[in-house]
Amino acid sequence: MKNKNLHAFLEDQYALIQPNLEEFLRDDPVHIPKRFTKKEDIEISAFLTAIIAWGQRKTIIKNAHTLVELMDFNPHDFIVNHSASDLKPFETFVHRTFNSSDLLFFIHRLKKIYSTGGDLEQFMFSDKGAGSNLSAVLSTFKQNFFDTDFLPRSTKHLADPTKGSTAKRLLMFLRWMVRIDLADFGIWKSVKPSGLLPPIDVHSAKFARAMGLLDRKQNDWKAVSELGNNLKSIDSLDPVKYDYVLYGMGAFSFFRPLSDLRL
């Protein structure tokens, strides 16, 4: 797919974000990991924030802030060194269907990952055979994350693209970790920005279809792949930067209206 007008429109829209970045990120969950500078603190807080990133943004940010507050604003140290008594305040936590038992399991699992001297990036990309195939990477990540004693109901909080899921929250988390522009941290090197796929939802998919970037009617992994391939044809090195445009249009007045696009 190659459309010069569409390319120019997306680039113009993306360029409008930088001078309006404070407004753009004011109610974004990435505010939570932005508090930290240490890699482990960033990835732990970002991962837990992404896991609960569905519903109203203000509620997501409030509950994600509660999580890092309960960890004394020192996520890595807390994950590795907490005692059983330190977990007591977490027993009242709830975010929609993600409740305290789910959270306690995630904390328990993260402790095992970090206590071995590794980190979340090494754990997610431990299967070298998967390469940069994100469907395989994320599916294996889920299998390995729950390859221990766990509550069966907690498995629903990690998506599996091989089952058709869009894996929106995990793809958003990967965008945060891999890209190094705007809200993204660029602290993971196991996959390049060119290998990322867009985290789609109802809103971004609506604008993707209106722009001719997505034909598939159902929002699933096939739609993610289709949109990703079309974005790569426009920018092969950094396709998911346009995710900012797709989810920001209609929400921010500084964007040009879609009617300005001539397909």
# chains A, B, ... in the order shown; residues from 1 in each chain; ligands from 1

call {"tool": "select_by_dssp", "arguments": {"residues": "region 144-234 of chain A", "states": "alpha helix (DSSP H)", "output": "ChimeraX atom specification"}}
result
/A:144-145,168-178,202-210,221-234

call {"tool": "select_by_dssp", "arguments": {"residues": "region 6-253 of chain A", "states": "strand (DSSP E)", "output": "MDAnalysis selection string"}}
result
chainID A and resid 94:95 98:99

call {"tool": "write_last_selection", "arguments": {"atoms": "all heavy atoms", "output": "PDB file, in the first residue's frame"}}
result
ATOM      1  N   VAL A  94      -8.531  -3.547  43.508  1.00  0.00           N
ATOM      2  CA  VAL A  94      -9.384  -4.093  42.452  1.00  0.00           C
ATOM      3  C   VAL A  94      -9.451  -3.084  41.314  1.00  0.00           C
ATOM      4  O   VAL A  94      -9.568  -1.876  41.539  1.00  0.00           O
ATOM      5  CB  VAL A  94     -10.809  -4.433  42.967  1.00  0.00           C
ATOM      6  CG1 VAL A  94     -11.505  -3.191  43.505  1.00  0.00           C
ATOM      7  CG2 VAL A  94     -11.626  -5.097  41.878  1.00  0.00           C
ATOM      8  N   HIS A  95      -9.296  -3.569  40.096  1.00  0.00           N
ATOM      9  CA  HIS A  95      -9.530  -2.751  38.900  1.00  0.00           C
ATOM     10  C   HIS A  95     -10.368  -3.588  37.956  1.00  0.00           C
ATOM     11  O   HIS A  95      -9.886  -4.535  37.336  1.00  0.00           O
ATOM     12  CB  HIS A  95      -8.220  -2.348  38.218  1.00  0.00           C
ATOM     13  CG  HIS A  95      -8.442  -1.565  36.955  1.00  0.00           C
ATOM     14  ND1 HIS A  95      -8.691  -0.201  36.959  1.00  0.00           N
ATOM     15  CD2 HIS A  95      -8.484  -1.953  35.644  1.00  0.00           C
ATOM     16  CE1 HIS A  95      -8.857   0.206  35.707  1.00  0.00           C
ATOM     17  NE2 HIS A  95      -8.747  -0.834  34.901  1.00  0.00           N
ATOM     18  N   PHE A  98      -9.732  -7.301  37.368  1.00  0.00           N
ATOM     19  CA  PHE A  98      -8.391  -7.593  37.879  1.00  0.00           C
ATOM     20  C   PHE A  98      -8.387  -7.278  39.375  1.00  0.00           C
ATOM     21  O   PHE A  98      -8.339  -6.125  39.787  1.00  0.00           O
ATOM     22  CB  PHE A  98      -7.351  -6.728  37.151  1.00  0.00           C
ATOM     23  CG  PHE A  98      -5.917  -7.088  37.461  1.00  0.00           C
ATOM     24  CD1 PHE A  98      -5.285  -8.123  36.804  1.00  0.00           C
ATOM     25  CD2 PHE A  98      -5.200  -6.365  38.403  1.00  0.00           C
ATOM     26  CE1 PHE A  98      -3.959  -8.452  37.077  1.00  0.00           C
ATOM     27  CE2 PHE A  98      -3.880  -6.678  38.680  1.00  0.00           C
ATOM     28  CZ  PHE A  98      -3.257  -7.720  38.021  1.00  0.00           C
ATOM     29  N   ASN A  99      -8.480  -8.336  40.186  1.00  0.00           N
ATOM     30  CA  ASN A  99      -8.622  -8.109  41.621  1.00  0.00           C
ATOM     31  C   ASN A  99      -7.336  -8.444  42.378  1.00  0.00           C
ATOM     32  O   ASN A  99      -6.292  -8.723  41.780  1.00  0.00           O
ATOM     33  CB  ASN A  99      -9.826  -8.882  42.175  1.00  0.00           C
ATOM     34  CG  ASN A  99      -9.671 -10.382  41.980  1.00  0.00           C
ATOM     35  OD1 ASN A  99      -8.569 -10.909  41.972  1.00  0.00           O
ATOM     36  ND2 ASN A  99     -10.795 -11.078  41.820  1.00  0.00           N
TER      37      ASN A  99
END

call {"tool": "residues_around", "arguments": {"residues": "region 132-142 of chain A", "least_positions_apart": "5", "cutoff": "9 Å", "atoms": "only C-alpha atoms", "output": "PyMOL selection string"}}
result
chain A and resi 123-127+147+155+158-163+167+170-171+190-192+195-197+221

call {"tool": "write_last_selection", "arguments": {"atoms": "C-alpha atoms", "output": "compact mmCIF listing (two decimals), in the first residue's frame"}}
result
# COMPACT_ATOMS: atom_id res chain seq x y z
CA PHE A 123 11.92 -13.21 30.08
CA MET A 124 9.59 -12.05 27.30
CA PHE A 125 12.15 -12.72 24.58
CA SER A 126 13.56 -15.91 26.08
CA ASP A 127 12.39 -18.01 23.13
CA ASP A 147 4.06 -22.01 33.94
CA THR A 155 -4.65 -16.20 32.72
CA LEU A 158 -2.51 -11.77 29.44
CA ALA A 159 -3.55 -11.96 25.81
CA ASP A 160 -2.59 -14.71 23.37
CA PRO A 161 -2.48 -13.55 19.71
CA THR A 162 -2.52 -17.16 18.49
CA LYS A 163 -6.07 -17.33 19.90
CA ALA A 167 -3.23 -8.12 22.50
CA LEU A 170 0.80 -5.92 25.50
CA LEU A 171 1.44 -4.19 22.17
CA SER A 190 15.26 -7.30 21.71
CA VAL A 191 13.01 -6.05 18.91
CA LYS A 192 13.39 -3.02 16.67
CA GLY A 195 9.13 -5.05 14.20
CA LEU A 196 6.33 -3.60 16.33
CA LEU A 197 2.62 -3.88 15.59
CA TRP A 221 -5.03 -10.31 15.44

call {"tool": "residues_around", "arguments": {"residues": "Val245 (chain A)", "least_positions_apart": "5", "cutoff": "9 Å", "atoms": "only C-alpha atoms", "output": "list in words"}}
result
Leu10, Gln13, Tyr14, Ile17, Ser204 and Phe255 of chain A

call {"tool": "write_last_selection", "arguments": {"atoms": "N, CA, C and O atoms", "output": "mmCIF file, in the first residue's frame"}}
result
data_model
loop_
_atom_site.group_PDB
_atom_site.id
_atom_site.type_symbol
_atom_site.label_atom_id
_atom_site.label_comp_id
_atom_site.auth_asym_id
_atom_site.auth_seq_id
_atom_site.Cartn_x
_atom_site.Cartn_y
_atom_site.Cartn_z
ATOM 1 N N LEU A 10 -0.606 11.643 7.472
ATOM 2 C CA LEU A 10 -0.176 11.021 8.724
ATOM 3 C C LEU A 10 1.056 11.726 9.297
ATOM 4 O O LEU A 10 1.147 11.955 10.511
ATOM 5 N N GLN A 13 -0.012 15.049 10.793
ATOM 6 C CA GLN A 13 -0.706 14.835 12.060
ATOM 7 C C GLN A 13 0.286 14.491 13.177
ATOM 8 O O GLN A 13 0.198 15.000 14.297
ATOM 9 N N TYR A 14 1.227 13.616 12.846
ATOM 10 C CA TYR A 14 2.225 13.212 13.847
ATOM 11 C C TYR A 14 3.059 14.403 14.288
ATOM 12 O O TYR A 14 3.391 14.549 15.474
ATOM 13 N N ILE A 17 1.815 16.616 17.188
ATOM 14 C CA ILE A 17 1.789 16.113 18.560
ATOM 15 C C ILE A 17 2.853 16.786 19.420
ATOM 16 O O ILE A 17 2.595 17.170 20.569
ATOM 17 N N SER A 204 -9.265 3.539 17.378
ATOM 18 C CA SER A 204 -8.192 3.614 16.382
ATOM 19 C C SER A 204 -8.548 2.815 15.127
ATOM 20 O O SER A 204 -8.217 3.213 14.005
ATOM 21 N N PHE A 255 -5.512 18.280 16.047
ATOM 22 C CA PHE A 255 -5.385 17.464 14.842
ATOM 23 C C PHE A 255 -6.221 18.048 13.700
ATOM 24 O O PHE A 255 -7.284 18.630 13.933
#

call {"tool": "residues_around", "arguments": {"residues": "region 107-109 of chain A", "least_positions_apart": "5", "cutoff": "9 Å", "atoms": "only C-alpha atoms", "output": "ChimeraX atom specification"}}
result
/A:79,102,114,145-146,148

call {"tool": "atom_distance", "arguments": {"atom1": "CA of Ser115 (chain A)", "atom2": "CA of Val80 (chain A)"}}
result
5.9 Å

call {"tool": "residues_around", "arguments": {"residues": "region 54-57 of chain A", "least_positions_apart": "4", "cutoff": "12 Å", "atoms": "only C-alpha atoms", "output": "ChimeraX atom specification"}}
result
/A:25-31,48-50,61-64,95-98,157,167-170,172,201

call {"tool": "closest_residue", "arguments": {"among": "A:Asp12, A:Asp86, A:Asp243, A:Glu91", "to": "Pro199 (chain A)", "atoms": "only C-alpha atoms"}}
result
A:Asp243

call {"tool": "closest_residue", "arguments": {"among": "A:Gln122, A:Ser194, A:Ser225, A:Thr59", "to": "Asp238 (chain A)", "atoms": "only C-alpha atoms"}}
result
A:Ser194

call {"tool": "residues_around", "arguments": {"residues": "Leu70 (chain A)", "least_positions_apart": "6", "cutoff": "9 Å", "atoms": "only C-alpha atoms", "output": "VMD selection string"}}
result
chain A and resid 86 to 87 89 to 90

call {"tool": "write_last_selection", "arguments": {"atoms": "C-alpha atoms", "output": "PDB file, in the first residue's frame"}}
result
ATOM      1  CA  ASP A  86       4.252  -6.179  52.872  1.00  0.00           C
ATOM      2  CA  LEU A  87       1.539  -7.623  50.640  1.00  0.00           C
ATOM      3  CA  PRO A  89      -2.258  -3.590  51.706  1.00  0.00           C
ATOM      4  CA  PHE A  90      -2.638  -5.133  48.237  1.00  0.00           C
TER       5      PHE A  90
END

call {"tool": "atom_distance", "arguments": {"atom1": "CA of Lys34 (chain A)", "atom2": "CA of Ala183 (chain A)"}}
result
8.3 Å

call {"tool": "atom_distance", "arguments": {"atom1": "CA of Lys38 (chain A)", "atom2": "CA of Pro19 (chain A)"}}
result
26.8 Å
